[in-house]
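Shown here: protein13.txt, compact mmCIF, C-alpha atoms and all ligand atoms.
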```
# COMPACT_ATOMS: atom_id res chain seq x y z
CA MET W 1 -26.84 5.95 17.32
CA THR W 2 -23.06 5.42 17.37
CA ILE W 3 -21.33 3.75 14.44
CA LYS W 4 -18.11 1.94 15.12
CA SER W 5 -15.97 1.01 12.15
CA ASN W 6 -12.65 -0.74 12.15
CA ALA W 7 -10.18 -0.75 9.28
CA PRO W 8 -6.93 -2.75 9.26
CA GLY W 9 -3.56 -1.69 7.95
CA ARG W 10 -2.12 -3.74 5.14
CA ILE W 11 1.14 -5.12 3.93
CA ASN W 12 1.85 -6.04 0.40
CA LEU W 13 3.39 -9.50 0.11
CA ILE W 14 4.63 -8.79 -3.40
CA GLY W 15 3.79 -6.58 -6.36
CA GLU W 16 5.24 -3.23 -5.35
CA HIS W 17 4.61 -0.14 -7.48
CA THR W 18 2.68 -2.36 -9.88
CA ASP W 19 -0.81 -1.15 -8.98
CA TYR W 20 -0.59 2.20 -10.71
CA ASN W 21 0.98 0.41 -13.67
CA GLN W 22 -2.24 -1.60 -13.97
CA GLY W 23 -0.50 -4.81 -12.94
CA TRP W 24 -1.02 -7.33 -10.15
CA VAL W 25 -0.58 -7.03 -6.39
CA LEU W 26 -0.81 -9.52 -3.54
CA PRO W 27 -1.55 -7.74 -0.25
CA VAL W 28 -2.96 -8.95 3.07
CA ALA W 29 -4.85 -6.93 5.68
CA ILE W 30 -2.98 -7.11 8.99
CA ASP W 31 -3.98 -7.36 12.63
CA LEU W 32 -3.25 -3.71 13.44
CA SER W 33 -6.24 -1.48 12.88
CA LEU W 34 -7.75 1.98 13.11
CA SER W 35 -11.21 2.60 14.51
CA VAL W 36 -13.69 5.42 13.97
CA ASN W 37 -16.58 6.12 16.33
CA LEU W 38 -19.10 8.31 14.60
CA THR W 39 -22.37 9.98 15.51
CA LEU W 40 -24.29 12.14 13.10
CA ARG W 41 -25.03 15.76 13.97
CA PRO W 42 -27.50 18.14 12.37
CA GLY W 43 -26.08 20.51 9.77
CA ARG W 44 -22.92 20.20 7.70
CA ILE W 45 -20.18 20.56 10.31
CA CYS W 46 -17.81 17.72 11.23
CA VAL W 47 -15.89 17.72 14.51
CA ALA W 48 -13.05 15.20 14.67
CA THR W 49 -10.67 14.08 17.40
CA ALA W 50 -7.77 11.74 16.78
CA SER W 51 -5.89 10.15 19.66
CA GLY W 52 -2.27 11.11 19.30
CA PHE W 53 -3.12 14.51 17.83
CA PRO W 54 -3.61 17.21 20.47
CA VAL W 55 -6.25 19.44 18.94
CA SER W 56 -9.76 18.55 17.73
CA GLN W 57 -10.58 19.83 14.25
CA THR W 58 -13.79 21.24 12.84
CA PHE W 59 -14.72 21.66 9.22
CA SER W 60 -17.76 22.29 7.05
CA ILE W 61 -18.61 19.81 4.31
CA ASP W 62 -19.49 22.81 2.12
CA ASN W 63 -16.80 24.46 0.02
CA LEU W 64 -14.11 21.81 0.44
CA GLN W 65 -11.08 22.57 -1.72
CA PRO W 66 -8.37 20.00 -2.59
CA VAL W 67 -5.12 20.35 -0.63
CA GLN W 68 -2.38 22.37 -2.26
CA GLY W 69 0.62 21.81 0.04
CA LYS W 70 1.33 19.22 2.71
CA PRO W 71 -1.83 17.48 3.93
CA LEU W 72 -2.86 17.60 7.59
CA TRP W 73 -4.61 14.62 9.19
CA ILE W 74 -7.99 16.31 8.99
CA ASP W 75 -7.57 16.61 5.22
CA TYR W 76 -8.07 12.84 4.88
CA LEU W 77 -11.53 13.19 6.42
CA LYS W 78 -12.34 16.22 4.30
CA ALA W 79 -11.14 14.24 1.28
CA VAL W 80 -13.56 11.41 2.01
CA CYS W 81 -16.48 13.84 2.34
CA TRP W 82 -15.46 15.61 -0.85
CA ALA W 83 -15.16 12.35 -2.81
CA LEU W 84 -18.44 10.94 -1.50
CA GLU W 85 -20.28 14.10 -2.51
CA LYS W 86 -18.51 14.15 -5.88
CA ASN W 87 -19.95 10.66 -6.39
CA GLY W 88 -23.45 11.95 -5.74
CA PHE W 89 -23.89 11.10 -2.04
CA TRP W 90 -25.28 13.86 0.16
CA LEU W 91 -23.70 13.94 3.61
CA SER W 92 -24.52 15.45 6.93
CA GLY W 93 -22.18 16.56 9.68
CA ALA W 94 -20.72 14.14 12.23
CA ASN W 95 -18.76 13.83 15.44
CA ILE W 96 -15.78 11.59 14.79
CA LEU W 97 -13.37 9.92 17.18
CA ILE W 98 -10.31 8.14 15.78
CA ASN W 99 -8.13 5.59 17.58
CA SER W 100 -5.37 3.68 15.89
CA GLU W 101 -2.71 1.03 16.38
CA ILE W 102 -1.27 1.48 12.91
CA PRO W 103 2.03 3.36 12.95
CA ILE W 104 1.74 6.49 10.83
CA GLY W 105 3.90 6.85 7.73
CA ALA W 106 5.42 3.39 8.13
CA GLY W 107 4.05 2.02 4.87
CA LEU W 108 1.27 0.03 6.57
CA SER W 109 -1.32 2.32 5.01
CA SER W 110 -2.68 4.20 7.98
CA SER W 111 -3.97 6.76 5.49
CA ALA W 112 -6.19 4.30 3.60
CA ALA W 113 -7.33 2.75 6.90
CA LEU W 114 -8.43 6.20 8.06
CA GLU W 115 -10.25 6.86 4.79
CA LEU W 116 -12.02 3.50 4.76
CA ALA W 117 -12.97 3.56 8.43
CA PHE W 118 -14.48 7.02 8.05
CA ALA W 119 -16.14 6.31 4.71
CA GLY W 120 -17.48 3.01 6.07
CA ALA W 121 -18.95 4.77 9.11
CA LEU W 122 -20.65 7.43 6.97
CA ASN W 123 -21.91 4.73 4.61
CA GLU W 124 -23.61 2.98 7.52
CA ALA W 125 -24.83 6.09 9.36
CA LEU W 126 -26.43 7.59 6.26
CA ASN W 127 -27.60 4.32 4.66
CA LEU W 128 -25.66 5.06 1.50
CA SER W 129 -25.52 1.35 0.50
CA ILE W 130 -22.09 1.63 -1.12
CA ASP W 131 -20.48 -1.77 -1.67
CA PRO W 132 -16.91 -2.30 -0.39
CA GLN W 133 -15.33 -2.20 -3.83
CA ARG W 134 -16.91 1.14 -4.71
CA LEU W 135 -16.06 2.48 -1.26
CA ALA W 136 -12.42 1.59 -1.96
CA LEU W 137 -12.51 3.42 -5.28
CA ILE W 138 -14.07 6.51 -3.71
CA CYS W 139 -11.37 6.53 -1.01
CA GLN W 140 -8.66 6.21 -3.64
CA GLN W 141 -10.19 9.15 -5.46
CA ALA W 142 -10.17 11.07 -2.16
CA GLU W 143 -6.44 10.44 -1.66
CA ASN W 144 -5.56 11.06 -5.33
CA GLU W 145 -7.58 14.12 -6.08
CA TYR W 146 -8.11 15.82 -2.73
CA VAL W 147 -5.07 14.89 -0.61
CA GLY W 148 -2.82 14.95 -3.68
CA VAL W 149 -1.11 11.56 -3.29
CA ARG W 150 -1.43 9.57 -6.51
CA CYS W 151 -1.69 6.20 -4.77
CA GLY W 152 -2.86 3.17 -6.74
CA ILE W 153 -5.87 1.11 -5.77
CA MET W 154 -4.09 -1.60 -3.77
CA ASP W 155 -4.28 -0.12 -0.26
CA GLN W 156 -7.97 0.70 -0.34
CA PHE W 157 -8.88 -2.65 -1.89
CA ALA W 158 -6.83 -4.68 0.57
CA ILE W 159 -8.40 -2.85 3.50
CA ALA W 160 -11.97 -2.94 2.19
CA LEU W 161 -11.90 -6.58 1.08
CA GLY W 162 -9.23 -8.30 3.19
CA ARG W 163 -10.04 -11.71 4.66
CA ALA W 164 -8.48 -13.63 7.52
CA ASP W 165 -5.88 -16.20 6.42
CA GLN W 166 -6.13 -15.11 2.79
CA ALA W 167 -4.08 -12.91 0.52
CA LEU W 168 -5.81 -10.81 -2.13
CA LEU W 169 -4.57 -11.32 -5.66
CA LEU W 170 -5.81 -8.20 -7.39
CA ASP W 171 -5.62 -7.37 -11.07
CA CYS W 172 -5.39 -3.58 -10.97
CA LEU W 173 -6.46 -3.26 -14.60
CA SER W 174 -9.76 -5.14 -14.48
CA LEU W 175 -10.14 -4.90 -10.67
CA SER W 176 -10.97 -8.60 -10.65
CA TYR W 177 -9.56 -10.43 -7.67
CA THR W 178 -9.22 -13.84 -6.09
CA PHE W 179 -8.25 -14.92 -2.60
CA ILE W 180 -5.18 -17.09 -2.12
CA PRO W 181 -4.83 -19.14 1.09
CA PHE W 182 -2.27 -17.58 3.41
CA LYS W 183 -1.90 -19.97 6.31
CA LEU W 184 1.69 -20.38 7.25
CA ASN W 185 1.72 -23.30 9.73
CA HIS W 186 5.21 -23.27 11.28
CA ALA W 187 6.23 -20.15 9.41
CA THR W 188 5.24 -16.60 10.26
CA LEU W 189 5.41 -13.11 8.87
CA LEU W 190 7.51 -10.57 10.73
CA ILE W 191 7.14 -6.87 10.00
CA ALA W 192 10.27 -4.85 10.75
CA ASP W 193 9.66 -1.12 10.83
CA SER W 194 12.88 0.66 9.89
CA LYS W 195 11.40 3.78 11.53
CA VAL W 196 12.78 5.77 8.63
CA LYS W 197 10.09 8.27 7.73
CA ARG W 198 9.39 8.79 4.09
CA ILE W 199 10.25 12.50 4.11
CA LEU W 200 10.68 12.75 0.36
CA GLY W 201 8.30 9.88 -0.21
CA ALA W 202 5.34 11.63 -1.77
CA SER W 203 7.31 13.53 -4.39
CA ASP W 204 9.51 10.51 -5.22
CA TYR W 205 6.43 8.34 -5.47
CA ASN W 206 4.76 10.71 -7.89
CA ARG W 207 8.01 10.93 -9.87
CA ARG W 208 8.10 7.12 -10.27
CA ARG W 209 4.59 7.26 -11.66
CA THR W 210 5.62 9.89 -14.19
CA GLU W 211 8.72 7.89 -15.15
CA CYS W 212 6.55 4.86 -15.85
CA GLU W 213 4.18 6.94 -17.98
CA ASP W 214 7.14 8.37 -19.90
CA ALA W 215 8.54 4.86 -20.44
CA VAL W 216 5.20 3.63 -21.81
CA GLU W 217 5.07 6.47 -24.28
CA LEU W 218 8.68 6.09 -25.45
CA ILE W 219 8.47 2.31 -25.80
CA GLY W 220 5.26 2.74 -27.79
CA ASN W 221 6.94 5.31 -30.06
CA TYR W 222 9.92 3.05 -30.75
CA LEU W 223 7.76 0.01 -31.42
CA GLY W 224 5.14 1.96 -33.38
CA ARG W 225 2.35 0.78 -31.09
CA LYS W 226 0.06 2.49 -28.62
CA PHE W 227 0.29 1.12 -25.08
CA LEU W 228 -1.86 2.30 -22.20
CA SER W 229 0.41 1.05 -19.40
CA LEU W 230 3.42 -1.13 -18.62
CA ARG W 231 0.95 -3.95 -18.12
CA GLU W 232 0.66 -4.26 -21.88
CA ILE W 233 4.41 -4.38 -22.48
CA SER W 234 6.46 -7.58 -22.41
CA LEU W 235 10.02 -8.06 -21.20
CA GLU W 236 11.00 -8.89 -24.81
CA ASP W 237 9.65 -5.50 -25.94
CA ILE W 238 11.65 -3.71 -23.27
CA ILE W 239 14.84 -5.54 -24.15
CA LYS W 240 14.24 -4.70 -27.82
CA VAL W 241 14.19 -0.97 -27.11
CA LYS W 242 16.81 -0.98 -24.37
CA ASP W 243 19.38 0.99 -26.37
CA TYR W 244 16.88 3.71 -27.26
CA LEU W 245 15.48 4.23 -23.79
CA PRO W 246 17.12 6.46 -21.19
CA LYS W 247 18.78 4.05 -18.73
CA LEU W 248 16.56 5.15 -15.87
CA LEU W 249 13.36 4.47 -17.81
CA TYR W 250 14.70 1.11 -18.95
CA GLN W 251 15.35 0.15 -15.33
CA ARG W 252 11.97 1.35 -14.10
CA SER W 253 10.02 -0.46 -16.80
CA ARG W 254 12.07 -3.64 -16.52
CA TYR W 255 11.43 -3.77 -12.78
CA VAL W 256 7.66 -3.34 -13.18
CA VAL W 257 7.33 -5.98 -15.89
CA GLU W 258 9.44 -8.47 -13.92
CA GLU W 259 7.57 -7.72 -10.70
CA ASN W 260 4.24 -8.45 -12.38
CA ALA W 261 5.53 -11.87 -13.38
CA ARG W 262 6.76 -12.44 -9.82
CA VAL W 263 3.32 -11.69 -8.36
CA LEU W 264 1.67 -14.34 -10.50
CA ALA W 265 4.43 -16.83 -9.70
CA ALA W 266 4.11 -16.00 -5.99
CA ALA W 267 0.37 -16.68 -6.05
CA VAL W 268 1.03 -20.09 -7.57
CA ALA W 269 3.73 -20.82 -4.98
CA LEU W 270 1.36 -19.90 -2.13
CA LYS W 271 -1.41 -22.07 -3.55
CA GLU W 272 1.04 -24.95 -3.62
CA ASN W 273 2.25 -24.11 -0.13
CA ASP W 274 5.75 -23.75 -1.55
CA LEU W 275 7.24 -21.18 0.81
CA VAL W 276 10.75 -21.73 -0.53
CA SER W 277 9.78 -20.53 -4.01
CA PHE W 278 7.62 -17.80 -2.51
CA GLY W 279 10.53 -16.60 -0.38
CA TYR W 280 12.89 -16.57 -3.36
CA LEU W 281 10.44 -14.29 -5.18
CA LEU W 282 10.40 -11.94 -2.18
CA LYS W 283 14.19 -11.69 -2.39
CA ARG W 284 14.13 -10.99 -6.14
CA SER W 285 11.46 -8.35 -5.60
CA HIS W 286 13.64 -6.56 -3.07
CA ALA W 287 16.65 -6.66 -5.38
CA GLY W 288 14.56 -5.07 -8.16
CA LEU W 289 13.19 -2.37 -5.87
CA ARG W 290 16.72 -1.59 -4.69
CA ASP W 291 18.66 -1.78 -7.95
CA LEU W 292 16.19 -0.93 -10.70
CA TYR W 293 13.34 1.00 -9.13
CA ASP W 294 15.54 2.76 -6.58
CA VAL W 295 13.01 3.08 -3.78
CA SER W 296 14.79 1.22 -0.98
CA CYS W 297 17.05 2.82 1.61
CA PRO W 298 20.13 1.65 3.58
CA GLU W 299 18.07 0.64 6.63
CA LEU W 300 15.67 -1.54 4.62
CA ASP W 301 18.59 -3.06 2.72
CA LEU W 302 20.32 -3.86 6.00
CA ILE W 303 17.26 -5.70 7.34
CA VAL W 304 16.99 -7.73 4.15
CA ASP W 305 20.75 -8.38 3.85
CA THR W 306 21.06 -9.45 7.48
CA VAL W 307 18.51 -12.24 7.07
CA ALA W 308 19.10 -13.12 3.42
CA ALA W 309 21.26 -16.21 3.87
CA ASP W 310 19.63 -17.53 7.03
CA GLN W 311 18.50 -21.16 6.85
CA GLU W 312 15.28 -20.41 8.71
CA VAL W 313 14.29 -17.42 6.59
CA PHE W 314 12.35 -18.05 3.39
CA GLY W 315 12.68 -14.50 2.12
CA ALA W 316 12.46 -10.81 2.94
CA ARG W 317 11.76 -7.57 1.15
CA MET W 318 10.81 -3.97 1.72
CA THR W 319 7.07 -3.48 1.50
CA GLY W 320 5.03 -0.39 0.66
CA ALA W 321 6.15 2.56 -1.41
CA GLY W 322 9.67 2.51 0.04
CA PHE W 323 12.06 5.35 0.91
CA GLY W 324 11.75 4.03 4.48
CA GLY W 325 8.90 2.25 6.20
CA CYS W 326 8.75 -1.49 6.72
CA ALA W 327 10.29 -4.73 5.53
CA ILE W 328 8.60 -8.12 5.77
CA ILE W 329 10.43 -11.30 6.66
CA LEU W 330 8.90 -14.73 6.07
CA LEU W 331 10.56 -17.11 8.50
CA GLN W 332 10.18 -20.13 10.74
CA GLN W 333 8.35 -19.25 13.95
CA ALA W 334 11.15 -20.74 16.02
CA ALA W 335 13.65 -18.30 14.52
CA VAL W 336 11.84 -15.05 15.31
CA ASP W 337 13.78 -14.00 18.43
CA ARG W 338 17.13 -14.95 16.94
CA ILE W 339 16.42 -13.04 13.72
CA LYS W 340 15.25 -9.94 15.59
CA ALA W 341 18.40 -10.02 17.73
CA GLY W 342 20.56 -10.32 14.60
CA ILE W 343 18.91 -7.33 12.96
CA ASP W 344 19.17 -5.29 16.17
CA GLN W 345 22.86 -6.11 16.36
CA ALA W 346 23.43 -5.03 12.77
CA PHE W 347 21.56 -1.76 13.37
CA THR W 348 23.48 -1.09 16.57
CA MET W 349 26.76 -1.61 14.74
CA HIS W 350 25.70 1.08 12.27
CA GLY W 351 24.73 3.37 15.14
CA TRP W 352 21.08 3.27 14.05
CA ALA W 353 18.03 2.96 16.32
CA CYS W 354 16.72 -0.62 16.20
CA PRO W 355 13.59 -1.36 14.14
CA GLY W 356 10.16 -1.92 15.65
CA TYR W 357 8.76 -5.43 15.15
CA HIS W 358 5.32 -6.86 14.74
CA LEU W 359 4.40 -10.47 14.03
CA THR W 360 1.31 -10.54 11.89
CA THR W 361 -1.20 -12.79 10.22
CA ALA W 362 -3.58 -12.10 7.37
CA ALA W 363 -6.53 -10.43 9.12
CA GLY W 364 -10.05 -9.47 8.07
CA GLY W 365 -10.90 -6.22 6.29
CA LEU W 366 -13.17 -3.27 7.12
CA THR W 367 -15.99 -3.94 9.58
CA VAL W 368 -18.79 -1.56 10.52
CA GLU W 369 -21.34 -1.94 13.28
CA SER W 370 -23.91 0.29 14.91
CA ASP W 371 -25.51 0.26 18.34
P1 LIG R 1 0.94 5.51 5.66
O1 LIG R 1 -0.34 5.42 4.93
O2 LIG R 1 2.01 4.67 5.07
O3 LIG R 1 0.82 5.26 7.13
P2 LIG R 1 0.78 8.23 4.74
O4 LIG R 1 1.78 9.33 4.75
O5 LIG R 1 0.19 7.80 3.45
O6 LIG R 1 1.46 7.01 5.51
O7 LIG R 1 -0.46 8.61 5.67
C1 LIG R 1 -0.25 9.06 6.97
C2 LIG R 1 -1.18 10.21 7.27
O8 LIG R 1 -2.53 9.72 7.45
C3 LIG R 1 -0.82 10.89 8.58
O9 LIG R 1 0.18 11.87 8.39
C4 LIG R 1 -2.16 11.50 8.98
O10 LIG R 1 -2.40 12.68 8.26
C5 LIG R 1 -3.15 10.44 8.52
N1 LIG R 1 -3.40 9.49 9.63
C6 LIG R 1 -3.03 8.20 9.69
N2 LIG R 1 -3.41 7.63 10.87
C7 LIG R 1 -4.03 8.59 11.55
C8 LIG R 1 -4.64 8.65 12.84
N3 LIG R 1 -4.66 7.60 13.65
N4 LIG R 1 -5.20 9.80 13.23
C9 LIG R 1 -5.18 10.88 12.42
N5 LIG R 1 -4.61 10.90 11.20
C10 LIG R 1 -4.04 9.77 10.76
MG MG R 2 -0.66 5.99 2.89
```
Before anything else, please render the file you have as structure tokens.
Amino acid sequence: MTIKSNAPGRINLIGEHTDYNQGWVLPVAIDLSLSVNLTLRPGRICVATASGFPVSQTFSIDNLQPVQGKPLWIDYLKAVCWALEKNGFWLSGANILINSEIPIGAGLSSSAALELAFAGALNEALNLSIDPQRLALICQQAENEYVGVRCGIMDQFAIALGRADQALLLDCLSLSYTFIPFKLNHATLLIADSKVKRILGASDYNRRRTECEDAVELIGNYLGRKFLSLREISLEDIIKVKDYLPKLLYQRSRYVVEENARVLAAAVALKENDLVSFGYLLKRSHAGLRDLYDVSCPELDLIVDTVAADQEVFGARMTGAGFGGCAIILLQQAAVDRIKAGIDQAFTMHGWACPGYHLTTAAGGLTVESD
């Protein structure tokens, strides 16, 4: 029996770096996906081939040890096996074939798509009966504890639960979620891939997490209260302690608290089909990520700046962890070619390679079938 699973990439409409601060996020699954074809094999050996990577890899599910240095692609599969077994599921070996349309390292979450597609295939092949939400949590644990990237829960949730024409409003504290209609009529969502690879991304990402934890502790000390995360802290509280906080921590915490408010406002705007307000929030989000959270880069800023004042653009922002990767632009369908040409011209003037583009819609999440 062959299992075929398909996991989409995702973009986050708004709510960046809020997931690990136990706030809100608003992602959609996109129409680029990664597929895994899996057959079980006797014993505890997995043999995996990924198109785009020259050499097949073999590993034993026994004695898996979390990655110390830079992860290799096969480590994501090992991580899933390790996390499933840590959660009490007994696995057997498998032959695995991976094909993908999701650009790697572009902030569209190819890593979580790989984890979910593989975990979903094992779930089906071995009748593990894990529901999508738990599967997402196990994959997050795999990436956090085995691969060594302290990602929040957004990517795995968006990919496991995504629905066509809907955005997922997820409360990362309670893990409760609702779907918000995301049908754009004459508007569309353009992904512009800056093609800047996040070389320092993982360490910077982990540093932002530590900065947020430090800010929570310091703010709590100054206010004489115990907070568990920035989610519990108001803008008023942050302004109260501004003079006591190191400037950097003030900026980081202010961004997160404001971004949380923007996510909730954005969900309301979408429900009311108010793309003008929604677009304004995208712009404010980008400004915060650039000026306060310091995770943008010149290429992403150029994309956003080039389209900022355009009459046919509702809004634009970097999406994903930052330090490179993609921007999203919400614009009128009729303006797509003109906007792309304008960005290309701006990049050419800087002597930079032009971005890659992809028009997307909100697509469905993980699917698994067997024959
Ligand atoms: P992102 O998730 O933003 O695409 P990451 O750096 O988090 O970027 O994850 C990318 C890593 O995931 C790759 O370096 C590779 O190890 C693994 N990966 C993603 N897609 C594939 C694929 N199609 N085949 C094999 N490995 C993949
Ligand atoms: Mg990733």
Nearby residues (only C-alpha atoms) at most 12 Å from range 44-48 of chain W, same-chain spacing under 2 positions excluded, as a ChimeraX atom specification: /W:36-42,50-51,53-64,73-78,80-81,90-99,118,122
The residue from W:Tyr205, W:Tyr250, W:Tyr177, W:Trp352 with the smallest atom-to-atom distance to ligand MG 2 (chain R), counting all atoms listed in the file, is W:Tyr205
As a quick test: using only C-alpha atoms and all ligand atoms, which residues lie no more than 10 Å away from ligand LIG 1 (chain R)? Give them as a PyMOL selection string. chain W and resi 9-11+33-36+48-53+70-77+97-115+143+147+149+151+155+197-199+201-202+320-322+324-326
Using only C-alpha atoms and all ligand atoms, find the one residue out of W:Gly148, W:Gly365, W:Gly342, W:Gly279 that sits nearest to ligand MG 2 (chain R). W:Gly148
In the coordinate frame of the file, compute which residues have an atom within 12 Å of (17.9, -0.7, -10.8) when using all atoms listed in the file, and state them as an MDAnalysis selection string. chainID W and resid 247:256 258 284:296
Which residues are near Gly315 in chain W? Cut-off 7 Å, only C-alpha atoms, ignore same chain within fewer than 2 positions. Put them as an MDAnalysis selection string. chainID W and resid 279:280 282:283 308 313 329:330
Atom completion result for range 25-37 of chain W (N, CA, C and O atoms) as a PDB file, keeping the file's coordinate frame:
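Final file, part-v5.pdb:
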```
ATOM      1  N   VAL W  25      -1.118  -7.197  -7.745  1.00  0.00           N
ATOM      2  CA  VAL W  25      -0.580  -7.030  -6.390  1.00  0.00           C
ATOM      3  C   VAL W  25      -1.098  -8.173  -5.517  1.00  0.00           C
ATOM      4  O   VAL W  25      -2.107  -8.808  -5.855  1.00  0.00           O
ATOM      5  N   LEU W  26      -0.405  -8.417  -4.421  1.00  0.00           N
ATOM      6  CA  LEU W  26      -0.810  -9.520  -3.540  1.00  0.00           C
ATOM      7  C   LEU W  26      -0.695  -9.077  -2.063  1.00  0.00           C
ATOM      8  O   LEU W  26       0.205  -9.504  -1.347  1.00  0.00           O
ATOM      9  N   PRO W  27      -1.610  -8.218  -1.630  1.00  0.00           N
ATOM     10  CA  PRO W  27      -1.550  -7.740  -0.250  1.00  0.00           C
ATOM     11  C   PRO W  27      -2.353  -8.616   0.725  1.00  0.00           C
ATOM     12  O   PRO W  27      -3.177  -9.430   0.304  1.00  0.00           O
ATOM     13  N   VAL W  28      -2.090  -8.418   2.013  1.00  0.00           N
ATOM     14  CA  VAL W  28      -2.960  -8.950   3.070  1.00  0.00           C
ATOM     15  C   VAL W  28      -3.298  -7.806   4.022  1.00  0.00           C
ATOM     16  O   VAL W  28      -2.470  -6.924   4.262  1.00  0.00           O
ATOM     17  N   ALA W  29      -4.528  -7.834   4.561  1.00  0.00           N
ATOM     18  CA  ALA W  29      -4.850  -6.930   5.680  1.00  0.00           C
ATOM     19  C   ALA W  29      -4.158  -7.497   6.915  1.00  0.00           C
ATOM     20  O   ALA W  29      -3.983  -8.712   7.031  1.00  0.00           O
ATOM     21  N   ILE W  30      -3.715  -6.632   7.817  1.00  0.00           N
ATOM     22  CA  ILE W  30      -2.980  -7.110   8.990  1.00  0.00           C
ATOM     23  C   ILE W  30      -3.778  -6.876  10.275  1.00  0.00           C
ATOM     24  O   ILE W  30      -4.837  -6.247  10.250  1.00  0.00           O
ATOM     25  N   ASP W  31      -3.227  -7.383  11.373  1.00  0.00           N
ATOM     26  CA  ASP W  31      -3.980  -7.360  12.630  1.00  0.00           C
ATOM     27  C   ASP W  31      -3.729  -6.087  13.444  1.00  0.00           C
ATOM     28  O   ASP W  31      -3.917  -6.077  14.649  1.00  0.00           O
ATOM     29  N   LEU W  32      -3.284  -5.030  12.806  1.00  0.00           N
ATOM     30  CA  LEU W  32      -3.250  -3.710  13.440  1.00  0.00           C
ATOM     31  C   LEU W  32      -4.332  -2.891  12.751  1.00  0.00           C
ATOM     32  O   LEU W  32      -4.440  -2.926  11.526  1.00  0.00           O
ATOM     33  N   SER W  33      -5.115  -2.160  13.531  1.00  0.00           N
ATOM     34  CA  SER W  33      -6.240  -1.480  12.880  1.00  0.00           C
ATOM     35  C   SER W  33      -6.495  -0.088  13.439  1.00  0.00           C
ATOM     36  O   SER W  33      -5.928   0.313  14.466  1.00  0.00           O
ATOM     37  N   LEU W  34      -7.332   0.611  12.736  1.00  0.00           N
ATOM     38  CA  LEU W  34      -7.750   1.980  13.110  1.00  0.00           C
ATOM     39  C   LEU W  34      -9.270   1.971  13.250  1.00  0.00           C
ATOM     40  O   LEU W  34      -9.966   1.401  12.419  1.00  0.00           O
ATOM     41  N   SER W  35      -9.758   2.590  14.335  1.00  0.00           N
ATOM     42  CA  SER W  35     -11.210   2.600  14.510  1.00  0.00           C
ATOM     43  C   SER W  35     -11.751   4.028  14.470  1.00  0.00           C
ATOM     44  O   SER W  35     -11.063   4.986  14.863  1.00  0.00           O
ATOM     45  N   VAL W  36     -12.966   4.135  13.973  1.00  0.00           N
ATOM     46  CA  VAL W  36     -13.690   5.420  13.970  1.00  0.00           C
ATOM     47  C   VAL W  36     -14.999   5.209  14.709  1.00  0.00           C
ATOM     48  O   VAL W  36     -15.737   4.267  14.417  1.00  0.00           O
ATOM     49  N   ASN W  37     -15.261   6.053  15.698  1.00  0.00           N
ATOM     50  CA  ASN W  37     -16.580   6.120  16.330  1.00  0.00           C
ATOM     51  C   ASN W  37     -17.269   7.360  15.794  1.00  0.00           C
ATOM     52  O   ASN W  37     -16.688   8.453  15.864  1.00  0.00           O
TER      53      ASN W  37
END
```
